[in-house]
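Have a look at the structure below, then the notes.
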Amino acid sequence: TYKAAHTVYYGSISSCTKCTAGTYSLYGQGSCTPCYAGTYNNYSGATGCTPCAAGSFNNNQQATTCTICPAGQYNTTTGNTSCAACPAGKYCTGGTNTTNCPANTYRSSTGGKSSSDCTSCGTGKHSTAGSTSCTANTYTVVYNANGGSGSMSNTTFTYGTAQALRSNAFTRSGYSFNGWNTKADGTGTSYGNAASVNNLTSTNNGTVNLYAQWQSSGSLPSFKYTGKYELVENND
């Protein structure tokens, strides 16, 4: 007599019984062994068990199937007894899937199930794909002499943080400085010299041009009448 593989011997060859699905035996075994957690088989008479595929799991012995990781979880190796929570900065639709949250969104916690679980950065902030937080935008203020002379360095600002403009360093003969404006002709938004400003633009790496505004510093001409009108010399 003999004990055939994938059967259990009960005294004679004709009494050997196939192991049921979820169990297995090797040659010469007198009993069937349950499949370990993380493995399975789904037929009788097996000589071994198959590891759960990547993206699936089971946590019971004698399993005949594996379960796909649900949305919000994932795994990427075989033979798993559980699935991991989807990492922060990503969302997972199930199985092996992990997808970065899109640029300009973020997710700070684990377990995201869809793109709707990623939060918009909102005005004045940005992020790269797969981010767990957002970063405030920065922008540059450029100072223009607008008819004056001299030079001034640009200033870098951070959205959401108040900061002073540079004090004017431009000059213009016959004129006095009268603040800044977002338009050269003065029809835009005005700002005082060294004024504290905030959120001049929400565009990341944007540029804001400010133009010096000038006011004539000369006096109006005056006249005297000496039988005719004569210009009085202005000594200002």
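Following the order of the structure tokens, chains are lettered A, B, ..., residues in each are numbered from 1, and ligands are numbered from 1.
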
Kindly assemble as a Markdown table a list of the region 26-125 of chain A residues that lie within 10 Å of region 155-162 of chain A, each paired with its nearest atom pair and their distance in Å to one decimal, using only C-alpha atoms, sorted first by chain and then by ascending residue number.
| residue | atom | partner | partner_atom | distance |
| --- | --- | --- | --- | --- |
| A:Thr123 | CA | A:Tyr159 | CA | 9.1 |
| A:Gly124 | CA | A:Tyr159 | CA | 5.8 |
| A:Lys125 | CA | A:Tyr159 | CA | 7.7 |

Please tabulate, as JSON lines, the residues of region 39-149 of chain A that come within 9 Å of region 189-213 of chain A, each with its closest pair of atoms and the distance in Å to one decimal, counting only C-alpha atoms and ordering rows by chain, then residue number upward.
{"residue": "A:Thr123", "atom": "CA", "partner": "A:Ser202", "partner_atom": "CA", "distance": 6.4}
{"residue": "A:Gly124", "atom": "CA", "partner": "A:Ser202", "partner_atom": "CA", "distance": 4.5}
{"residue": "A:Lys125", "atom": "CA", "partner": "A:Asn204", "partner_atom": "CA", "distance": 7.6}
{"residue": "A:His126", "atom": "CA", "partner": "A:Asn204", "partner_atom": "CA", "distance": 7.5}
{"residue": "A:Ala136", "atom": "CA", "partner": "A:Asn204", "partner_atom": "CA", "distance": 8.3}
{"residue": "A:Asn137", "atom": "CA", "partner": "A:Asn204", "partner_atom": "CA", "distance": 4.6}
{"residue": "A:Thr138", "atom": "CA", "partner": "A:Asn204", "partner_atom": "CA", "distance": 5.5}
{"residue": "A:Tyr139", "atom": "CA", "partner": "A:Asn205", "partner_atom": "CA", "distance": 4.6}
{"residue": "A:Thr140", "atom": "CA", "partner": "A:Thr207", "partner_atom": "CA", "distance": 4.9}
{"residue": "A:Val141", "atom": "CA", "partner": "A:Val208", "partner_atom": "CA", "distance": 4.8}
{"residue": "A:Val142", "atom": "CA", "partner": "A:Asn209", "partner_atom": "CA", "distance": 4.9}
{"residue": "A:Tyr143", "atom": "CA", "partner": "A:Leu210", "partner_atom": "CA", "distance": 5.1}
{"residue": "A:Asn144", "atom": "CA", "partner": "A:Tyr211", "partner_atom": "CA", "distance": 4.8}
{"residue": "A:Ala145", "atom": "CA", "partner": "A:Ala212", "partner_atom": "CA", "distance": 5.5}
{"residue": "A:Asn146", "atom": "CA", "partner": "A:Ala212", "partner_atom": "CA", "distance": 5.6}
{"residue": "A:Gly147", "atom": "CA", "partner": "A:Ala212", "partner_atom": "CA", "distance": 8.2}
{"residue": "A:Gly148", "atom": "CA", "partner": "A:Ala212", "partner_atom": "CA", "distance": 7.9}

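You can rank A:Gly130, A:Phe57, A:Asn41, A:Asn75 by their closest distance to Gly89 (chain A) using only C-alpha atoms, and at the top of that list sits A:Gly130.
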
Quick one: DSSP strand (DSSP E) residues in chain A, as an mmCIF file with N, CA, C and O atoms, in the first residue's frame?
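Result file is selection.cif:
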data_model
loop_
_atom_site.group_PDB
_atom_site.id
_atom_site.type_symbol
_atom_site.label_atom_id
_atom_site.label_comp_id
_atom_site.auth_asym_id
_atom_site.auth_seq_id
_atom_site.Cartn_x
_atom_site.Cartn_y
_atom_site.Cartn_z
ATOM 1 N N THR A 7 -3.757 13.153 -0.929
ATOM 2 C CA THR A 7 -4.796 12.329 -0.320
ATOM 3 C C THR A 7 -4.384 11.997 1.094
ATOM 4 O O THR A 7 -3.225 12.134 1.477
ATOM 5 N N VAL A 8 -5.329 11.562 1.888
ATOM 6 C CA VAL A 8 -5.061 11.097 3.240
ATOM 7 C C VAL A 8 -5.352 9.608 3.289
ATOM 8 O O VAL A 8 -6.394 9.149 2.804
ATOM 9 N N THR A 17 -8.491 9.824 0.826
ATOM 10 C CA THR A 17 -9.489 10.866 0.559
ATOM 11 C C THR A 17 -8.795 12.167 0.168
ATOM 12 O O THR A 17 -7.818 12.570 0.788
ATOM 13 N N LYS A 18 -9.303 12.826 -0.855
ATOM 14 C CA LYS A 18 -8.710 14.097 -1.283
ATOM 15 C C LYS A 18 -8.915 15.168 -0.214
ATOM 16 O O LYS A 18 -9.979 15.268 0.391
ATOM 17 N N THR A 23 -7.121 23.353 1.965
ATOM 18 C CA THR A 23 -6.136 22.515 2.654
ATOM 19 C C THR A 23 -5.277 21.817 1.619
ATOM 20 O O THR A 23 -5.568 21.850 0.416
ATOM 21 N N TYR A 24 -4.219 21.143 2.085
ATOM 22 C CA TYR A 24 -3.333 20.422 1.167
ATOM 23 C C TYR A 24 -2.613 19.322 1.924
ATOM 24 O O TYR A 24 -2.595 19.286 3.165
ATOM 25 N N THR A 33 -3.346 19.722 5.752
ATOM 26 C CA THR A 33 -2.862 20.934 6.418
ATOM 27 C C THR A 33 -3.613 22.147 5.885
ATOM 28 O O THR A 33 -3.720 22.320 4.662
ATOM 29 N N PRO A 34 -4.145 22.994 6.766
ATOM 30 C CA PRO A 34 -4.836 24.193 6.284
ATOM 31 C C PRO A 34 -3.857 25.138 5.592
ATOM 32 O O PRO A 34 -2.698 25.255 5.998
ATOM 33 N N THR A 39 -2.413 32.829 2.031
ATOM 34 C CA THR A 39 -2.396 31.896 0.907
ATOM 35 C C THR A 39 -3.777 31.270 0.762
ATOM 36 O O THR A 39 -4.642 31.423 1.630
ATOM 37 N N TYR A 40 -3.980 30.521 -0.316
ATOM 38 C CA TYR A 40 -5.288 29.900 -0.550
ATOM 39 C C TYR A 40 -5.138 28.779 -1.571
ATOM 40 O O TYR A 40 -4.143 28.700 -2.304
ATOM 41 N N THR A 50 -1.487 28.714 -2.803
ATOM 42 C CA THR A 50 -0.980 29.811 -3.621
ATOM 43 C C THR A 50 -1.002 31.109 -2.824
ATOM 44 O O THR A 50 -2.020 31.436 -2.201
ATOM 45 N N PRO A 51 0.078 31.893 -2.821
ATOM 46 C CA PRO A 51 0.055 33.184 -2.131
ATOM 47 C C PRO A 51 -0.986 34.117 -2.757
ATOM 48 O O PRO A 51 -1.204 34.102 -3.979
ATOM 49 N N SER A 56 -4.199 42.032 -2.914
ATOM 50 C CA SER A 56 -5.239 41.247 -2.237
ATOM 51 C C SER A 56 -4.676 40.677 -0.943
ATOM 52 O O SER A 56 -3.481 40.779 -0.667
ATOM 53 N N PHE A 57 -5.546 40.046 -0.151
ATOM 54 C CA PHE A 57 -5.127 39.503 1.138
ATOM 55 C C PHE A 57 -6.152 38.495 1.637
ATOM 56 O O PHE A 57 -7.286 38.438 1.176
ATOM 57 N N THR A 67 -9.137 38.410 -0.833
ATOM 58 C CA THR A 67 -9.981 39.595 -0.968
ATOM 59 C C THR A 67 -9.161 40.755 -1.509
ATOM 60 O O THR A 67 -8.052 41.019 -1.035
ATOM 61 N N ILE A 68 -9.707 41.461 -2.512
ATOM 62 C CA ILE A 68 -9.029 42.631 -3.067
ATOM 63 C C ILE A 68 -8.993 43.733 -2.007
ATOM 64 O O ILE A 68 -9.966 43.973 -1.296
ATOM 65 N N GLN A 73 -6.989 51.571 0.766
ATOM 66 C CA GLN A 73 -5.922 50.673 1.192
ATOM 67 C C GLN A 73 -5.237 50.091 -0.046
ATOM 68 O O GLN A 73 -5.770 50.158 -1.157
ATOM 69 N N TYR A 74 -4.083 49.467 0.169
ATOM 70 C CA TYR A 74 -3.343 48.861 -0.950
ATOM 71 C C TYR A 74 -2.283 47.918 -0.404
ATOM 72 O O TYR A 74 -1.936 47.949 0.775
ATOM 73 N N ALA A 84 -2.321 47.847 3.582
ATOM 74 C CA ALA A 84 -1.850 49.051 4.272
ATOM 75 C C ALA A 84 -2.751 50.233 3.920
ATOM 76 O O ALA A 84 -3.348 50.291 2.837
ATOM 77 N N ALA A 85 -2.819 51.203 4.840
ATOM 78 C CA ALA A 85 -3.564 52.434 4.568
ATOM 79 C C ALA A 85 -2.876 53.210 3.450
ATOM 80 O O ALA A 85 -1.647 53.249 3.360
ATOM 81 N N LYS A 90 -1.686 60.863 -1.259
ATOM 82 C CA LYS A 90 -2.164 60.002 -2.336
ATOM 83 C C LYS A 90 -3.599 59.567 -2.060
ATOM 84 O O LYS A 90 -4.128 59.759 -0.967
ATOM 85 N N TYR A 91 -4.211 58.965 -3.082
ATOM 86 C CA TYR A 91 -5.478 58.263 -2.887
ATOM 87 C C TYR A 91 -5.371 56.904 -3.570
ATOM 88 O O TYR A 91 -4.609 56.723 -4.518
ATOM 89 N N THR A 99 -2.303 56.615 -6.208
ATOM 90 C CA THR A 99 -2.256 57.730 -7.146
ATOM 91 C C THR A 99 -1.977 59.018 -6.400
ATOM 92 O O THR A 99 -2.601 59.294 -5.366
ATOM 93 N N ASN A 100 -1.026 59.813 -6.901
ATOM 94 C CA ASN A 100 -0.710 61.095 -6.274
ATOM 95 C C ASN A 100 -1.902 62.036 -6.336
ATOM 96 O O ASN A 100 -2.596 62.120 -7.364
ATOM 97 N N THR A 105 -3.159 70.506 -4.916
ATOM 98 C CA THR A 105 -4.016 69.900 -3.898
ATOM 99 C C THR A 105 -3.096 69.180 -2.918
ATOM 100 O O THR A 105 -1.900 69.041 -3.156
ATOM 101 N N TYR A 106 -3.662 68.710 -1.806
ATOM 102 C CA TYR A 106 -2.861 67.981 -0.828
ATOM 103 C C TYR A 106 -3.760 67.055 -0.020
ATOM 104 O O TYR A 106 -4.986 67.196 -0.006
ATOM 105 N N THR A 119 -7.469 67.873 -1.010
ATOM 106 C CA THR A 119 -7.991 69.210 -0.723
ATOM 107 C C THR A 119 -7.252 70.263 -1.538
ATOM 108 O O THR A 119 -6.022 70.241 -1.619
ATOM 109 N N SER A 120 -8.008 71.197 -2.117
ATOM 110 C CA SER A 120 -7.392 72.276 -2.887
ATOM 111 C C SER A 120 -6.536 73.161 -1.988
ATOM 112 O O SER A 120 -6.887 73.440 -0.846
ATOM 113 N N LYS A 125 -1.628 79.717 -2.645
ATOM 114 C CA LYS A 125 -0.788 78.602 -2.248
ATOM 115 C C LYS A 125 -0.659 77.629 -3.410
ATOM 116 O O LYS A 125 -1.474 77.632 -4.328
ATOM 117 N N HIS A 126 0.343 76.768 -3.334
ATOM 118 C CA HIS A 126 0.565 75.798 -4.404
ATOM 119 C C HIS A 126 1.177 74.538 -3.823
ATOM 120 O O HIS A 126 1.653 74.520 -2.682
ATOM 121 N N THR A 135 2.286 75.196 -0.007
ATOM 122 C CA THR A 135 3.272 76.234 0.264
ATOM 123 C C THR A 135 2.743 77.571 -0.231
ATOM 124 O O THR A 135 2.161 77.651 -1.318
ATOM 125 N N ALA A 136 2.954 78.615 0.569
ATOM 126 C CA ALA A 136 2.510 79.951 0.164
ATOM 127 C C ALA A 136 3.264 80.404 -1.085
ATOM 128 O O ALA A 136 4.475 80.169 -1.214
ATOM 129 N N THR A 138 5.104 82.905 -3.727
ATOM 130 C CA THR A 138 5.959 84.086 -3.646
ATOM 131 C C THR A 138 5.833 84.877 -4.944
ATOM 132 O O THR A 138 5.506 84.321 -5.999
ATOM 133 N N TYR A 139 6.081 86.172 -4.845
ATOM 134 C CA TYR A 139 6.040 87.023 -6.029
ATOM 135 C C TYR A 139 7.044 88.160 -5.866
ATOM 136 O O TYR A 139 7.554 88.397 -4.757
ATOM 137 N N THR A 140 7.335 88.831 -6.957
ATOM 138 C CA THR A 140 8.378 89.867 -6.971
ATOM 139 C C THR A 140 7.766 91.224 -7.285
ATOM 140 O O THR A 140 6.959 91.351 -8.215
ATOM 141 N N VAL A 141 8.140 92.221 -6.503
ATOM 142 C CA VAL A 141 7.755 93.604 -6.779
ATOM 143 C C VAL A 141 8.930 94.294 -7.471
ATOM 144 O O VAL A 141 10.064 94.266 -6.963
ATOM 145 N N VAL A 142 8.652 94.878 -8.639
ATOM 146 C CA VAL A 142 9.660 95.587 -9.426
ATOM 147 C C VAL A 142 9.345 97.078 -9.358
ATOM 148 O O VAL A 142 8.212 97.493 -9.618
ATOM 149 N N TYR A 143 10.346 97.885 -9.005
ATOM 150 C CA TYR A 143 10.171 99.337 -8.865
ATOM 151 C C TYR A 143 10.652 100.034 -10.139
ATOM 152 O O TYR A 143 11.775 99.803 -10.588
ATOM 153 N N ASN A 144 9.797 100.861 -10.721
ATOM 154 C CA ASN A 144 10.096 101.558 -11.978
ATOM 155 C C ASN A 144 10.212 103.053 -11.733
ATOM 156 O O ASN A 144 9.355 103.662 -11.077
ATOM 157 N N THR A 155 11.928 93.389 -4.754
ATOM 158 C CA THR A 155 11.614 92.810 -3.447
ATOM 159 C C THR A 155 10.796 91.547 -3.653
ATOM 160 O O THR A 155 9.854 91.534 -4.449
ATOM 161 N N THR A 156 11.129 90.486 -2.917
ATOM 162 C CA THR A 156 10.360 89.235 -2.957
ATOM 163 C C THR A 156 9.371 89.221 -1.796
ATOM 164 O O THR A 156 9.749 89.458 -0.645
ATOM 165 N N PHE A 157 8.111 88.929 -2.102
ATOM 166 C CA PHE A 157 7.049 88.874 -1.108
ATOM 167 C C PHE A 157 6.477 87.467 -1.037
ATOM 168 O O PHE A 157 6.514 86.723 -2.010
ATOM 169 N N THR A 158 5.939 87.117 0.123
ATOM 170 C CA THR A 158 5.252 85.845 0.322
ATOM 171 C C THR A 158 3.768 86.124 0.521
ATOM 172 O O THR A 158 3.391 86.965 1.352
ATOM 173 N N GLN A 163 4.423 92.963 4.322
ATOM 174 C CA GLN A 163 5.825 93.371 4.219
ATOM 175 C C GLN A 163 5.879 94.787 3.664
ATOM 176 O O GLN A 163 5.015 95.195 2.882
ATOM 177 N N ALA A 164 6.889 95.543 4.066
ATOM 178 C CA ALA A 164 7.009 96.935 3.620
ATOM 179 C C ALA A 164 7.652 97.014 2.239
ATOM 180 O O ALA A 164 8.589 96.264 1.924
ATOM 181 N N TYR A 175 10.961 117.631 -9.519
ATOM 182 C CA TYR A 175 9.787 116.884 -9.047
ATOM 183 C C TYR A 175 10.071 116.268 -7.677
ATOM 184 O O TYR A 175 11.213 115.995 -7.320
ATOM 185 N N SER A 176 9.004 116.056 -6.956
ATOM 186 C CA SER A 176 9.092 115.341 -5.696
ATOM 187 C C SER A 176 8.328 114.016 -5.817
ATOM 188 O O SER A 176 7.329 113.928 -6.540
ATOM 189 N N PHE A 177 8.818 113.031 -5.105
ATOM 190 C CA PHE A 177 8.196 111.700 -5.143
ATOM 191 C C PHE A 177 6.846 111.738 -4.444
ATOM 192 O O PHE A 177 6.691 112.317 -3.368
ATOM 193 N N ASN A 178 5.854 111.100 -5.067
ATOM 194 C CA ASN A 178 4.482 111.142 -4.540
ATOM 195 C C ASN A 178 3.871 109.741 -4.449
ATOM 196 O O ASN A 178 2.692 109.538 -4.719
ATOM 197 N N GLY A 179 4.693 108.730 -4.075
ATOM 198 C CA GLY A 179 4.178 107.379 -3.873
ATOM 199 C C GLY A 179 4.305 106.502 -5.110
ATOM 200 O O GLY A 179 4.883 106.886 -6.122
ATOM 201 N N TRP A 180 3.731 105.308 -4.972
ATOM 202 C CA TRP A 180 3.784 104.298 -6.024
ATOM 203 C C TRP A 180 2.383 104.044 -6.573
ATOM 204 O O TRP A 180 1.393 104.242 -5.882
ATOM 205 N N ASN A 181 2.349 103.564 -7.816
ATOM 206 C CA ASN A 181 1.083 103.188 -8.407
ATOM 207 C C ASN A 181 1.312 101.990 -9.321
ATOM 208 O O ASN A 181 2.391 101.837 -9.894
ATOM 209 N N SER A 190 -2.766 102.855 -5.694
ATOM 210 C CA SER A 190 -1.677 103.653 -5.137
ATOM 211 C C SER A 190 -1.197 103.087 -3.811
ATOM 212 O O SER A 190 -1.974 102.531 -3.026
ATOM 213 N N TYR A 191 0.106 103.241 -3.560
ATOM 214 C CA TYR A 191 0.723 102.833 -2.299
ATOM 215 C C TYR A 191 1.707 103.915 -1.872
ATOM 216 O O TYR A 191 2.406 104.507 -2.699
ATOM 217 N N SER A 196 3.373 99.228 4.136
ATOM 218 C CA SER A 196 3.228 97.796 4.378
ATOM 219 C C SER A 196 2.114 97.274 3.481
ATOM 220 O O SER A 196 0.987 97.781 3.516
ATOM 221 N N VAL A 197 2.428 96.267 2.682
ATOM 222 C CA VAL A 197 1.453 95.743 1.716
ATOM 223 C C VAL A 197 1.349 94.235 1.870
ATOM 224 O O VAL A 197 2.210 93.590 2.465
ATOM 225 N N GLY A 206 4.817 85.348 -9.618
ATOM 226 C CA GLY A 206 4.309 86.475 -10.396
ATOM 227 C C GLY A 206 5.158 87.725 -10.200
ATOM 228 O O GLY A 206 6.033 87.789 -9.332
ATOM 229 N N THR A 207 4.890 88.728 -11.030
ATOM 230 C CA THR A 207 5.601 90.005 -10.955
ATOM 231 C C THR A 207 4.588 91.139 -10.846
ATOM 232 O O THR A 207 3.602 91.180 -11.583
ATOM 233 N N VAL A 208 4.841 92.036 -9.908
ATOM 234 C CA VAL A 208 4.017 93.235 -9.741
ATOM 235 C C VAL A 208 4.895 94.447 -10.015
ATOM 236 O O VAL A 208 5.931 94.631 -9.359
ATOM 237 N N ASN A 209 4.534 95.256 -10.994
ATOM 238 C CA ASN A 209 5.273 96.471 -11.316
ATOM 239 C C ASN A 209 4.668 97.656 -10.591
ATOM 240 O O ASN A 209 3.447 97.874 -10.642
ATOM 241 N N LEU A 210 5.513 98.409 -9.892
ATOM 242 C CA LEU A 210 5.092 99.658 -9.264
ATOM 243 C C LEU A 210 5.858 100.811 -9.915
ATOM 244 O O LEU A 210 7.067 100.707 -10.154
ATOM 245 N N TYR A 211 5.128 101.881 -10.188
ATOM 246 C CA TYR A 211 5.699 103.027 -10.898
ATOM 247 C C TYR A 211 5.742 104.231 -9.974
ATOM 248 O O TYR A 211 4.737 104.566 -9.314
ATOM 249 N N ALA A 212 6.912 104.858 -9.923
ATOM 250 C CA ALA A 212 7.045 106.084 -9.131
ATOM 251 C C ALA A 212 6.097 107.148 -9.686
ATOM 252 O O ALA A 212 5.959 107.308 -10.903
ATOM 253 N N GLN A 213 5.470 107.861 -8.772
ATOM 254 C CA GLN A 213 4.604 108.969 -9.162
ATOM 255 C C GLN A 213 5.297 110.278 -8.756
ATOM 256 O O GLN A 213 5.845 110.383 -7.656
ATOM 257 N N TRP A 214 5.260 111.244 -9.668
ATOM 258 C CA TRP A 214 6.012 112.477 -9.470
ATOM 259 C C TRP A 214 5.080 113.690 -9.465
ATOM 260 O O TRP A 214 4.113 113.738 -10.217
ATOM 261 N N GLN A 215 5.428 114.619 -8.587
ATOM 262 C CA GLN A 215 4.678 115.874 -8.500
ATOM 263 C C GLN A 215 5.655 117.019 -8.680
ATOM 264 O O GLN A 215 6.716 117.053 -8.046
ATOM 265 N N SER A 216 5.288 117.962 -9.574
ATOM 266 C CA SER A 216 6.177 119.087 -9.830
ATOM 267 C C SER A 216 6.432 119.857 -8.544
ATOM 268 O O SER A 216 5.520 120.143 -7.767
ATOM 269 N N SER A 222 4.348 134.039 -11.456
ATOM 270 C CA SER A 222 3.561 135.226 -11.039
ATOM 271 C C SER A 222 3.944 136.423 -11.912
ATOM 272 O O SER A 222 5.047 136.485 -12.448
ATOM 273 N N PHE A 223 3.035 137.377 -12.013
ATOM 274 C CA PHE A 223 3.229 138.544 -12.891
ATOM 275 C C PHE A 223 2.961 139.821 -12.097
ATOM 276 O O PHE A 223 2.217 139.821 -11.117
ATOM 277 N N LYS A 224 3.588 140.905 -12.537
ATOM 278 C CA LYS A 224 3.247 142.236 -11.999
ATOM 279 C C LYS A 224 2.903 143.134 -13.175
ATOM 280 O O LYS A 224 3.384 142.960 -14.295
ATOM 281 N N TYR A 225 2.050 144.161 -12.850
ATOM 282 C CA TYR A 225 1.584 145.057 -13.921
ATOM 283 C C TYR A 225 2.350 146.374 -13.822
ATOM 284 O O TYR A 225 2.339 147.053 -12.802
ATOM 285 N N TYR A 229 2.006 143.446 -18.283
ATOM 286 C CA TYR A 229 2.298 142.344 -17.387
ATOM 287 C C TYR A 229 3.707 141.820 -17.631
ATOM 288 O O TYR A 229 4.091 141.535 -18.751
ATOM 289 N N GLU A 230 4.480 141.780 -16.520
ATOM 290 C CA GLU A 230 5.829 141.259 -16.619
ATOM 291 C C GLU A 230 5.980 140.076 -15.647
ATOM 292 O O GLU A 230 5.455 140.094 -14.526
ATOM 293 N N LEU A 231 6.714 139.048 -16.087
ATOM 294 C CA LEU A 231 6.956 137.874 -15.281
ATOM 295 C C LEU A 231 7.870 138.216 -14.125
ATOM 296 O O LEU A 231 8.918 138.818 -14.312
ATOM 297 N N VAL A 232 7.429 137.829 -12.906
ATOM 298 C CA VAL A 232 8.268 138.031 -11.727
ATOM 299 C C VAL A 232 9.182 136.804 -11.608
ATOM 300 O O VAL A 232 8.748 135.662 -11.659
#

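Between CA of Gly122 (chain A) and CA of Ala88 (chain A) there is a distance of 18.6 Å.
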
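Closest approach to Ala53 (chain A) from the set A:Gly28, A:Pro70, A:Pro102, A:Gly79 is made by A:Gly79, with distances taken over only C-alpha atoms.
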